[in-house]
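J.: Take a look at my_file_29.cif, mmCIF, C-alpha atoms:
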```
data_work
#
loop_
_atom_site.label_atom_id
_atom_site.label_comp_id
_atom_site.auth_asym_id
_atom_site.auth_seq_id
_atom_site.Cartn_x
_atom_site.Cartn_y
_atom_site.Cartn_z
CA LYS A 116 -48.96 -73.10 9.03
CA GLN A 117 -48.77 -73.47 5.26
CA ARG A 118 -51.88 -75.64 5.28
CA GLN A 119 -53.79 -72.86 7.06
CA LEU A 120 -52.67 -70.35 4.45
CA VAL A 121 -53.70 -72.66 1.63
CA ASP A 122 -57.12 -73.04 3.23
CA GLY A 123 -57.62 -69.31 2.91
CA LEU A 124 -56.75 -67.96 6.35
CA SER A 125 -54.87 -64.67 6.27
CA PRO A 126 -51.29 -64.43 7.55
CA ASP A 127 -52.52 -62.07 10.28
CA TYR A 128 -55.06 -64.64 11.52
CA VAL A 129 -52.45 -67.42 11.39
CA GLN A 130 -50.17 -65.24 13.49
CA LYS A 131 -52.88 -65.02 16.15
CA ILE A 132 -53.34 -68.81 16.14
CA ARG A 133 -49.55 -69.24 16.39
CA ARG A 134 -49.34 -66.88 19.38
CA GLN A 135 -52.10 -68.75 21.23
CA LEU A 136 -50.52 -72.15 20.53
CA ALA A 137 -47.10 -70.86 21.60
CA GLN A 138 -48.54 -69.66 24.92
CA VAL A 139 -50.09 -73.06 25.60
CA LEU A 140 -46.83 -74.87 24.78
CA ASP A 141 -44.84 -72.39 26.92
CA LEU A 142 -46.95 -73.50 29.85
CA ALA A 143 -46.27 -77.18 29.01
CA VAL A 144 -42.52 -76.46 28.96
CA GLU A 145 -42.73 -74.73 32.35
CA ARG A 146 -44.51 -77.79 33.75
CA GLY A 147 -41.86 -80.11 32.37
CA GLU A 148 -44.31 -81.79 29.99
CA LEU A 149 -42.29 -80.70 26.93
CA ARG A 150 -38.56 -80.16 26.50
CA ARG A 151 -38.95 -77.16 24.20
CA ASN A 152 -41.57 -75.11 22.45
CA VAL A 153 -41.18 -75.97 18.77
CA VAL A 154 -43.65 -73.27 17.75
CA ARG A 155 -41.16 -70.60 18.84
CA SER A 156 -38.62 -71.92 16.30
CA VAL A 157 -41.01 -71.48 13.35
CA PRO A 158 -41.12 -67.92 11.98
CA PRO A 159 -44.65 -66.50 11.70
CA PRO A 160 -46.06 -65.48 8.32
CA ARG A 161 -45.84 -61.79 7.55
CA ALA A 162 -49.01 -59.78 7.26
CA THR A 163 -49.16 -57.74 4.09
CA ALA A 164 -49.49 -53.99 4.26
CA SER A 165 -53.00 -54.20 2.85
CA GLU A 166 -54.11 -56.33 5.82
CA THR A 167 -52.99 -53.81 8.44
CA HIS A 168 -55.07 -50.69 8.92
CA TRP A 169 -53.60 -48.09 11.27
CA PHE A 170 -56.09 -45.52 12.51
CA THR A 171 -55.31 -41.85 12.01
CA SER A 172 -55.63 -39.47 14.96
CA GLU A 173 -58.99 -38.32 13.57
CA GLU A 174 -60.21 -41.92 13.31
CA VAL A 175 -59.04 -42.65 16.87
CA ALA A 176 -61.04 -39.64 18.06
CA THR A 177 -64.10 -40.97 16.19
CA LEU A 178 -63.69 -44.43 17.74
CA LEU A 179 -63.33 -43.06 21.25
CA TYR A 180 -66.42 -40.93 20.71
CA ALA A 181 -68.32 -44.05 19.64
CA ALA A 182 -67.03 -45.83 22.77
CA GLU A 183 -68.40 -43.22 25.19
CA SER A 184 -70.20 -44.85 28.15
CA ASP A 185 -68.98 -48.31 27.08
CA ARG A 186 -67.16 -50.35 29.72
CA ILE A 187 -64.02 -50.67 27.60
CA GLU A 188 -63.83 -46.94 26.80
CA PRO A 189 -61.11 -46.31 29.44
CA MET A 190 -59.07 -49.25 28.15
CA LEU A 191 -59.29 -48.04 24.54
CA MET A 192 -58.34 -44.52 25.62
CA PHE A 193 -55.39 -45.87 27.61
CA ILE A 194 -54.14 -47.97 24.68
CA ALA A 195 -54.51 -45.05 22.28
CA HIS A 196 -52.54 -42.69 24.53
CA SER A 197 -49.92 -45.07 25.93
CA GLY A 198 -49.08 -47.45 23.07
CA VAL A 199 -49.61 -50.49 25.30
CA ARG A 200 -50.84 -53.69 23.66
CA LYS A 201 -54.25 -55.14 24.54
CA GLY A 202 -52.88 -58.02 26.63
CA GLY A 203 -50.65 -55.66 28.60
CA ALA A 204 -53.49 -53.22 29.24
CA LEU A 205 -55.85 -55.97 30.39
CA ALA A 206 -53.18 -57.31 32.77
CA LEU A 207 -52.44 -53.88 34.24
CA ARG A 208 -53.01 -53.59 37.99
CA TRP A 209 -53.27 -50.56 40.23
CA GLN A 210 -50.03 -51.63 41.91
CA ASP A 211 -48.28 -51.24 38.54
CA VAL A 212 -49.13 -47.54 38.38
CA ASP A 213 -47.55 -44.56 40.11
CA GLU A 214 -49.90 -41.75 39.22
CA LYS A 215 -47.92 -39.13 41.16
CA GLN A 216 -44.78 -39.97 39.19
CA ARG A 217 -46.85 -40.42 36.02
CA LYS A 218 -45.33 -43.85 35.44
CA ALA A 219 -46.65 -47.36 34.80
CA SER A 220 -44.92 -50.73 34.56
CA ILE A 221 -46.14 -53.13 31.92
CA SER A 222 -45.24 -56.32 33.74
CA GLY A 223 -47.45 -59.00 32.28
CA THR A 224 -50.10 -59.97 29.79
CA LEU A 225 -53.58 -61.44 30.10
CA ALA A 226 -54.48 -64.45 27.97
CA ARG A 227 -56.89 -67.37 27.98
CA ILE A 228 -54.93 -70.61 28.41
CA GLU A 229 -56.61 -74.01 28.71
CA GLY A 230 -59.95 -72.28 29.15
CA LYS A 231 -58.82 -70.05 32.02
CA LEU A 232 -57.90 -66.39 32.12
CA THR A 233 -54.25 -66.28 33.09
CA ARG A 234 -52.00 -63.38 33.93
CA GLN A 235 -48.57 -64.25 32.60
CA ASP A 236 -45.69 -62.54 34.35
CA PRO A 237 -42.53 -61.76 32.36
CA LYS A 238 -39.82 -64.42 32.38
CA THR A 239 -37.11 -61.86 33.20
CA ASN A 240 -36.98 -58.44 34.83
CA SER A 241 -35.72 -57.02 31.55
CA SER A 242 -39.11 -57.86 30.02
CA ILE A 243 -40.81 -55.32 32.29
CA ARG A 244 -41.43 -52.11 30.36
CA GLY A 245 -41.93 -48.73 31.99
CA ILE A 246 -44.02 -46.07 30.29
CA ASP A 247 -44.68 -42.39 30.95
CA LEU A 248 -48.33 -41.51 31.45
CA THR A 249 -49.72 -38.70 29.31
CA ASP A 250 -52.58 -36.55 30.56
CA LYS A 251 -55.02 -38.57 28.44
CA ALA A 252 -53.66 -41.87 29.79
CA LYS A 253 -54.13 -40.56 33.34
CA ASP A 254 -57.68 -39.50 32.42
CA ALA A 255 -58.33 -43.10 31.28
CA LEU A 256 -57.14 -44.43 34.65
CA ALA A 257 -59.34 -41.93 36.51
CA GLN A 258 -62.32 -43.02 34.43
CA ALA A 259 -61.58 -46.70 35.16
CA ARG A 260 -61.38 -45.92 38.88
CA ALA A 261 -64.74 -44.13 38.78
CA ILE A 262 -66.35 -47.09 36.99
CA GLN A 263 -65.00 -49.49 39.62
CA ALA A 264 -66.28 -47.28 42.46
CA HIS A 265 -69.75 -47.33 40.87
CA ASP A 266 -69.62 -51.10 40.35
CA GLU A 267 -68.52 -51.74 43.93
CA ALA A 268 -71.30 -49.57 45.31
CA ALA A 269 -73.88 -51.25 43.08
CA SER A 270 -73.11 -54.89 43.93
CA SER A 271 -72.12 -56.81 47.05
CA ALA A 272 -70.62 -59.44 44.72
CA TRP A 273 -67.94 -57.06 43.45
CA ARG A 274 -64.39 -58.37 44.04
CA ASN A 275 -61.29 -56.25 44.27
CA LEU A 276 -58.69 -58.29 42.37
CA GLY A 277 -56.43 -55.33 41.72
CA TYR A 278 -56.98 -55.02 37.98
CA ILE A 279 -57.64 -51.63 36.38
CA PHE A 280 -59.92 -52.58 33.48
CA THR A 281 -62.59 -54.92 34.81
CA THR A 282 -66.04 -56.39 34.42
CA ALA A 283 -68.93 -55.21 36.59
CA SER A 284 -67.95 -57.84 39.16
CA GLY A 285 -64.29 -56.76 39.38
CA GLU A 286 -62.92 -59.61 37.27
CA PRO A 287 -60.35 -58.88 34.55
CA ILE A 288 -61.91 -58.44 31.11
CA ASP A 289 -61.61 -61.48 28.87
CA PRO A 290 -59.49 -60.57 25.81
CA ARG A 291 -62.11 -62.16 23.54
CA ASN A 292 -64.87 -60.02 25.04
CA ALA A 293 -62.68 -56.94 24.64
CA LEU A 294 -62.29 -57.76 20.95
CA ARG A 295 -66.04 -58.30 20.53
CA SER A 296 -66.77 -54.97 22.18
CA PHE A 297 -64.19 -53.21 20.03
CA THR A 298 -65.61 -54.73 16.85
CA ARG A 299 -69.07 -53.47 17.82
CA ILE A 300 -67.71 -49.99 18.60
CA ARG A 301 -65.69 -49.92 15.38
CA SER A 302 -68.79 -50.80 13.39
CA SER A 303 -70.86 -48.08 15.08
CA ALA A 304 -68.07 -45.62 14.26
CA GLY A 305 -68.40 -46.55 10.58
CA PHE A 306 -65.13 -48.49 10.17
CA SER A 307 -64.73 -52.01 8.83
CA ASN A 308 -60.95 -52.48 9.22
CA GLY A 309 -58.43 -52.19 12.02
CA ASP A 310 -58.14 -53.88 15.41
CA ILE A 311 -57.44 -52.68 18.95
CA HIS A 312 -53.70 -52.63 18.32
CA SER A 313 -54.29 -50.28 15.39
CA LEU A 314 -55.13 -47.59 17.96
CA ARG A 315 -51.50 -47.49 19.14
#
```
Would you mind writing the structure in this file as structure tokens?

T.:
Amino acid sequence: KQRQLVDGLSPDYVQKIRRQLAQVLDLAVERGELRRNVVRSVPPPRATASETHWFTSEEVATLLYAAESDRIEPMLMFIAHSGVRKGGALALRWQDVDEKQRKASISGTLARIEGKLTRQDPKTNSSIRGIDLTDKAKDALAQARAIQAHDEAASSAWRNLGYIFTTASGEPIDPRNALRSFTRIRSSAGFSNGDIHSLR
């Protein structure tokens, strides 16, 4: 970790590397290939205040306007109006949502592990987080459903895997592709700082 900081990587970027490595080693522990995940015992570096840009409500509105008609627009809207993290939003399935009760259960996260997209379920029931759906969050879900209906009608290759925010073929959106799309949208909105989580 210290070597990475010396080489000029920011604490925020090192935190991302640490999270990815920890996820890989968690899987090795579950398989019995390692006795413990040593990465979890090393505290991550703290990001400085200057490295974190939180979008104001006006900036969020500008970003969502720039995202109009983009595939990840519903996901960005949902994150902005629910406070859910990117991995939790990407892992969200229709079965996790009760639209009549205006509730959703954040019961997993989506990550790329060993080259494969993997939905990681929580280790304990206490890790499952319930959220109340605002009108805007419900609008985001309705928009995602409409996009899926269009995709399914347009292609015989479409697969219903149960995810809410998907590619044109019904697959869950790769977190890296979501970040690339957000960076493009952020740039078109005229911003140079802030990531998806800054919408929350």

J.: Here's the selection I'm unsure about, the PyMOL selection byres ((chain A and resi 279-295) around 8); applied to the file above, which residues does it give, as a PyMOL selection string?

T.: chain A and resi 186-187+189-190+201-202+204-209+225-227+232+256+259-260+263+266-267+270+272-278+296-299+310-311

J.: Can those selected residues be exported to a file as an mmCIF file, in the frame of the given file so that it contains C-alpha atoms?

T.:
```cif
data_model
loop_
_atom_site.group_PDB
_atom_site.id
_atom_site.type_symbol
_atom_site.label_atom_id
_atom_site.label_comp_id
_atom_site.auth_asym_id
_atom_site.auth_seq_id
_atom_site.Cartn_x
_atom_site.Cartn_y
_atom_site.Cartn_z
ATOM 1 C CA ARG A 186 -67.160 -50.350 29.720
ATOM 2 C CA ILE A 187 -64.020 -50.670 27.600
ATOM 3 C CA PRO A 189 -61.110 -46.310 29.440
ATOM 4 C CA MET A 190 -59.070 -49.250 28.150
ATOM 5 C CA LYS A 201 -54.250 -55.140 24.540
ATOM 6 C CA GLY A 202 -52.880 -58.020 26.630
ATOM 7 C CA ALA A 204 -53.490 -53.220 29.240
ATOM 8 C CA LEU A 205 -55.850 -55.970 30.390
ATOM 9 C CA ALA A 206 -53.180 -57.310 32.770
ATOM 10 C CA LEU A 207 -52.440 -53.880 34.240
ATOM 11 C CA ARG A 208 -53.010 -53.590 37.990
ATOM 12 C CA TRP A 209 -53.270 -50.560 40.230
ATOM 13 C CA LEU A 225 -53.580 -61.440 30.100
ATOM 14 C CA ALA A 226 -54.480 -64.450 27.970
ATOM 15 C CA ARG A 227 -56.890 -67.370 27.980
ATOM 16 C CA LEU A 232 -57.900 -66.390 32.120
ATOM 17 C CA LEU A 256 -57.140 -44.430 34.650
ATOM 18 C CA ALA A 259 -61.580 -46.700 35.160
ATOM 19 C CA ARG A 260 -61.380 -45.920 38.880
ATOM 20 C CA GLN A 263 -65.000 -49.490 39.620
ATOM 21 C CA ASP A 266 -69.620 -51.100 40.350
ATOM 22 C CA GLU A 267 -68.520 -51.740 43.930
ATOM 23 C CA SER A 270 -73.110 -54.890 43.930
ATOM 24 C CA ALA A 272 -70.620 -59.440 44.720
ATOM 25 C CA TRP A 273 -67.940 -57.060 43.450
ATOM 26 C CA ARG A 274 -64.390 -58.370 44.040
ATOM 27 C CA ASN A 275 -61.290 -56.250 44.270
ATOM 28 C CA LEU A 276 -58.690 -58.290 42.370
ATOM 29 C CA GLY A 277 -56.430 -55.330 41.720
ATOM 30 C CA TYR A 278 -56.980 -55.020 37.980
ATOM 31 C CA SER A 296 -66.770 -54.970 22.180
ATOM 32 C CA PHE A 297 -64.190 -53.210 20.030
ATOM 33 C CA THR A 298 -65.610 -54.730 16.850
ATOM 34 C CA ARG A 299 -69.070 -53.470 17.820
ATOM 35 C CA ASP A 310 -58.140 -53.880 15.410
ATOM 36 C CA ILE A 311 -57.440 -52.680 18.950
#
```

J.: Could you list, with a cut-off of 12 Å and counting only C-alpha atoms, the residues of range 159-254 of chain A near range 136-153 of chain A, each shown with its nearest atom pair and the distance in Å rounded to one decimal, rows sorted by chain and ascending number, as a Markdown table?

T.:
```
| residue | atom | partner | partner_atom | distance |
| --- | --- | --- | --- | --- |
| A:Pro159 | CA | A:Ala137 | CA | 11.1 |
| A:Thr224 | CA | A:Gln138 | CA | 11.0 |
| A:Leu225 | CA | A:Gln138 | CA | 10.9 |
| A:Ala226 | CA | A:Gln138 | CA | 8.5 |
| A:Arg227 | CA | A:Val139 | CA | 9.2 |
| A:Ile228 | CA | A:Val139 | CA | 6.1 |
| A:Glu229 | CA | A:Val139 | CA | 7.3 |
| A:Gly230 | CA | A:Val139 | CA | 10.5 |
| A:Lys231 | CA | A:Val139 | CA | 11.2 |
| A:Thr233 | CA | A:Gln138 | CA | 10.5 |
| A:Arg234 | CA | A:Gln138 | CA | 11.5 |
| A:Gln235 | CA | A:Gln138 | CA | 9.4 |
| A:Asp236 | CA | A:Leu142 | CA | 11.9 |
| A:Lys238 | CA | A:Glu145 | CA | 10.7 |
```

J.: Work out how far CA of Arg217 in chain A is from CA of Asp247 in chain A, in Å to one decimal.

T.: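 We find that CA of Asp247 in chain A and CA of Arg217 in chain A lie 5.9 Å from each other.
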
J.: Neighbours of Ser307 in chain A within 12 Å (all atoms listed in the file; same-chain residues fewer than 3 positions away dropped), as a list of chain:residue names?

T.: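 Near Ser307 in chain A, the qualifying residues are A:Glu166, A:Thr167, A:His168, A:Phe170, A:Glu174, A:Leu178, A:Phe297, A:Thr298, A:Arg299, A:Ile300, A:Arg301, A:Ser302, A:Ser303, A:Ala304, A:Asp310.
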
J.: Using all atoms listed in the file, list the residues that have an atom at most 12 Å from (-60.1, -40.7, 17.7), coordinates as in the file, as an MDAnalysis selection string.

T.: chainID A and resid 169:183 188 191:192 194:196 301 304 306 313:315

J.: Quote the spacing between CA of Pro158 in chain A and CA of Gln130 in chain A in Å to one decimal place.

T.: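 If I compute the distance from CA of Pro158 in chain A to CA of Gln130 in chain A, I get 9.6 Å.
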
J.: Could you jot down the CA of Ile262 in chain A to CA of Ser184 in chain A separation for me, Å, one decimal place?

T.: 9.9 Å

J.: I need the residue nearest Gly203 in chain A from this list: A:His312, A:Ala261, A:Ala268, A:Ala255. Use all atoms listed in the file for the distance.

T.: A:His312

J.: Name all residues at most 9 Å from Lys218 in chain A (count all atoms listed in the file; drop same-chain ones fewer than 2 positions away) and give them as a ChimeraX atom specification.

T.: /A:211-216,220,245-248

J.: Counting all atoms listed in the file, which residues come within 6 Å of (-44.7, -57.8, 35.3), with the point read in the file's coordinates, and could you list them as a VMD selection string?

T.: chain A and resid 221 to 223 236 to 237 243

J.: Nearest to Ser197 in chain A: which of A:Ala252, A:Val154, A:Ala269, A:Ala257 is it, counting only C-alpha atoms?

T.: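 Ranking A:Ala252, A:Val154, A:Ala269, A:Ala257 by distance to Ser197 in chain A, first place goes to A:Ala252.
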